[in-house]
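Enquirer: Let me give you the structure first, and then I'll get to my questions.
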Amino acid sequence: MLFNLKTLLRSAAFRQGSQLAVRNFQCGKSVQSNVQLKGRHLLTLKDFTGEEIKYLLWLSADLKHRIKQKGEYLPLLQGKSLSMIFEKRSTRTRLSTETGFALLGGHPCFLTTQDIHLGVNESLTDTARVLSSMTDAILARVYKHSDLDHLAKEASVPIVNGLSEIYHPVQILADYLTLQEHYGYLKGLTLSWIGDGNNILHSIMMSAAKFGMSLQVATPKGYEPDPGITKLAEQYAKEHGTKLSLTFDPMEAARGSNVLITDTWISMGQEEEKSKRLRDFQGYQITMKTAGVAAPNWTFLHCLPRKPEEVDDEVFYCPRSLVFPEAENRKWTIMAVMVSLLTDYSPQLQKPTF
């Protein structure tokens with residue numbers, strides 16, 4: 001009888017505490033913003049203005065401050081569910097999305113290729129309509145970006161790109177949040193990309209100039225970024241007064257840079273090309289010699305997982321490497337994406353300097 005009474009009291013106290021937290025949160029004074037993203041898709045940062053991307057970073061910082069630093073309970077996604085379609089395996093994308101969505105009170109549903117076959121056992125149109133009827137948003141990590149476009153066309157809920165062969169926007173949001181936290185600003189920074197002209201680089205090219213950041217790219221011959229994306233990035237650089245340069249010389253790309261960035265040389269689905277790629281990327285490993293020509297305040301980013309041929313241990317584990325805060329920020333930025341697309345919440349934290 002005593003045990004039951006204690007359990008009842010604890011339950012009542014928990015409910016009261018939860019209700020109080022919700023009331024305190026609802027009564028909090030929000031900072032006004034003209035940016036409204038509710039109901040939008042996030043397929044590529046090309047579709048977002050600089051102010052909209054800054055808003056996502058602001059919201060990320062707000063959630064991180066209120067939940068991690070202040071220990072607040074924010075059930076912003078209570079009663080909402082998320083379909084997570086993963087054609088490609090992942091550590092950070094899956095864990096950040098599942099834990100982040102749940103932390104905000106929502107229910108994430110993880111679907112692998114054993115659970116769902118896009119366009120195989122069921123058409124993309126039917127999949128989009130069924131998932132839209134059961135969940136509030138869909139995050140998809142796919143081989144073909146065209147599948148995301150199809151889902152977005154047929155779905156009645158927001159579609160979020162968890163990775164495609166062309167873009168990886170949710171990774172770049174984490175990168176920018178990490179840099180803003182470290183430097184206190186983004187405008188005026190020079191980023192150096194040394195590696196493959198892949199989806200990560202494409203997402204940087206679609207967004208860096210919007211923050212006033214310049215970009216210096218070095219890839220081996222035959223591994224350059226997509227020509228159409230390069231042309232648009234050149235237009236962005238001209239519009240925003242930044243610089244975009246492409247070279248085959250890693251040291252030239254690193255010269256004077258604030259941020260050295262690389263990624264895997266062999267993405268999922270490219271395993272058969274491993275031997276050729278390792279030969280072609282000789283000389284592209286980031287080392288302290290590379291950092292020696294960078295700016296005095298240089299830092300290093302890598303979206304992980306990392307292989308030693310891409311960056312040596314001396315750089316990867318040095319104090320200037322931001323790879324682990326970068327990985328953690330995948331969680332806070334994807335939470336911000338979900339909150340912005342599914343709710344009317346506005347940040348309460350003062351807007352950071354970008």
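The chains in the structure tokens are called A, B, ... from first to last as shown; in each chain the residues are counted from 1, and the ligands are counted from 1 in the order shown.
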Where in region 188-326 of chain A does DSSP assign helix (DSSP H, G or I), given as number ranges by chain?
Expert: A: 199-205, 208-211, 227-240, 250-254, 271-280, 288-291, 313-316, 323-326
Enquirer: Leaving out Arg66 (chain A) and any residue of its chain fewer than 5 positions from it, which residues lie within 10 Å of it when counting only C-alpha atoms, given as a ChimeraX atom specification?
Expert: /A:61,71-74,347-349
Enquirer: Store the residues of this selection in a file with N, CA and C atoms, as a compact mmCIF listing (two decimals), in the first residue's frame.
Expert:
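New file out-v4.txt:
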# COMPACT_ATOMS: atom_id res chain seq x y z
N ALA A 61 20.82 27.11 -32.08
CA ALA A 61 21.49 27.66 -30.90
C ALA A 61 20.52 27.84 -29.74
N GLY A 71 18.65 23.09 -19.16
CA GLY A 71 17.93 21.90 -18.71
C GLY A 71 16.43 22.00 -18.80
N GLU A 72 15.93 22.81 -19.73
CA GLU A 72 14.49 22.98 -19.88
C GLU A 72 13.85 21.79 -20.60
N TYR A 73 12.60 21.59 -20.31
CA TYR A 73 11.80 20.55 -20.97
C TYR A 73 10.95 21.23 -22.03
N LEU A 74 11.18 20.92 -23.31
CA LEU A 74 10.48 21.57 -24.42
C LEU A 74 9.80 20.53 -25.31
N PRO A 347 12.49 31.42 -31.66
CA PRO A 347 13.59 31.39 -30.68
C PRO A 347 13.43 32.46 -29.61
N GLN A 348 13.88 32.14 -28.40
CA GLN A 348 13.87 33.11 -27.31
C GLN A 348 15.27 33.64 -27.03
N LEU A 349 16.27 32.92 -27.49
CA LEU A 349 17.66 33.35 -27.33
C LEU A 349 17.93 34.53 -28.28
Enquirer: Show me, as a list of chain:residue names, the residues that have an atom within 7 Å of region 318-334 of chain A when counting only C-alpha atoms, minus same-chain residues fewer than 6 positions from it.
Expert: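 Listing them by chain and then by number gives A:Leu57, A:Ser60, A:Leu63, A:Lys64, A:Arg92, A:Ser96, A:Thr97, A:Gly100, A:Val170, A:Gln171, A:Leu173, A:Ala174, A:Asp175, A:Thr178, A:Thr299, A:Phe300, A:Leu301, A:His302, A:Cys303.
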Enquirer: Considering only C-alpha atoms, return as JSON, numbers by chain whatever protein or nucleic-acid residues lie within 8 Å of region 210-214 of chain A, sequence-local ones (same chain, fewer than 6 positions apart) excluded.
Expert: {"A": [49, 50, 186, 187, 188, 189, 190, 191, 236, 237, 240, 241, 242, 243, 244, 354]}
Enquirer: Using Å and a single decimal, report how far CA of Thr99 (chain A) sits from CA of Ser123 (chain A).
Expert: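 It comes out at 29.5 Å.
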Enquirer: Leaving out Thr343 (chain A) and any residue of its chain fewer than 5 positions from it, which residues lie within 10 Å of it when counting only C-alpha atoms, given as a PyMOL selection string?
Expert: chain A and resi 36-39+76-77+338
Enquirer: Suppose we keep N, CA and C atoms; can you now write the selection as a PDB file, in the first residue's frame?
Expert:
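out-v6.pdb written:
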ATOM      1  N   GLN A  36       9.343  32.413 -41.916  1.00  0.00           N
ATOM      2  CA  GLN A  36       8.338  31.383 -41.662  1.00  0.00           C
ATOM      3  C   GLN A  36       8.651  30.174 -42.542  1.00  0.00           C
ATOM      4  N   LEU A  37       8.998  29.055 -41.925  1.00  0.00           N
ATOM      5  CA  LEU A  37       9.389  27.866 -42.678  1.00  0.00           C
ATOM      6  C   LEU A  37       8.407  26.711 -42.519  1.00  0.00           C
ATOM      7  N   LYS A  38       7.376  26.896 -41.724  1.00  0.00           N
ATOM      8  CA  LYS A  38       6.435  25.816 -41.463  1.00  0.00           C
ATOM      9  C   LYS A  38       5.821  25.283 -42.757  1.00  0.00           C
ATOM     10  N   GLY A  39       5.868  23.955 -42.907  1.00  0.00           N
ATOM     11  CA  GLY A  39       5.286  23.316 -44.076  1.00  0.00           C
ATOM     12  C   GLY A  39       6.209  23.190 -45.267  1.00  0.00           C
ATOM     13  N   LEU A  76       8.063  20.351 -27.866  1.00  0.00           N
ATOM     14  CA  LEU A  76       7.549  21.066 -29.029  1.00  0.00           C
ATOM     15  C   LEU A  76       6.944  20.143 -30.080  1.00  0.00           C
ATOM     16  N   LEU A  77       7.381  18.880 -30.100  1.00  0.00           N
ATOM     17  CA  LEU A  77       6.899  17.938 -31.114  1.00  0.00           C
ATOM     18  C   LEU A  77       6.000  16.857 -30.512  1.00  0.00           C
ATOM     19  N   MET A 338      13.274  20.298 -37.777  1.00  0.00           N
ATOM     20  CA  MET A 338      11.965  19.710 -37.513  1.00  0.00           C
ATOM     21  C   MET A 338      11.027  20.703 -36.826  1.00  0.00           C
TER      22      MET A 338
END
Enquirer: Here is a test: counting only C-alpha atoms, which residue of A:Val315, A:Ile159, A:Leu104, A:Val130 is nearest to Val339 (chain A)?
Expert: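 Residue with the minimum atom-to-atom distance to Val339 (chain A): A:Leu104.
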Enquirer: Which neighbours of Asp149 (chain A) fall inside 8 Å, counting only C-alpha atoms, when residues of the same chain fewer than 4 positions from it are skipped, and could you give them as a PyMOL selection string?
Expert: chain A and resi 43+145+153
Enquirer: Write a file of the selected residues as a short mmCIF file (atom, residue, chain, number, x, y, z; two decimals), in the first residue's frame, keeping N, CA and C atoms.
Expert:
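result24.cif written:
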data_model
loop_
_atom_site.label_atom_id
_atom_site.label_comp_id
_atom_site.auth_asym_id
_atom_site.auth_seq_id
_atom_site.Cartn_x
_atom_site.Cartn_y
_atom_site.Cartn_z
N LEU A 43 15.18 20.14 -49.22
CA LEU A 43 15.85 19.22 -50.13
C LEU A 43 17.26 19.69 -50.44
N HIS A 145 18.69 11.64 -55.80
CA HIS A 145 18.03 12.87 -55.39
C HIS A 145 16.67 13.01 -56.07
N LYS A 153 6.92 16.08 -54.33
CA LYS A 153 5.80 16.38 -55.22
C LYS A 153 4.52 15.71 -54.76
#
Enquirer: Using CA of Leu163 (chain A) and CA of Asn198 (chain A) as the two end points, give the distance in Å to one decimal.
Expert: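 Computing the Euclidean distance for CA of Leu163 (chain A) and CA of Asn198 (chain A) yields 11.3 Å.
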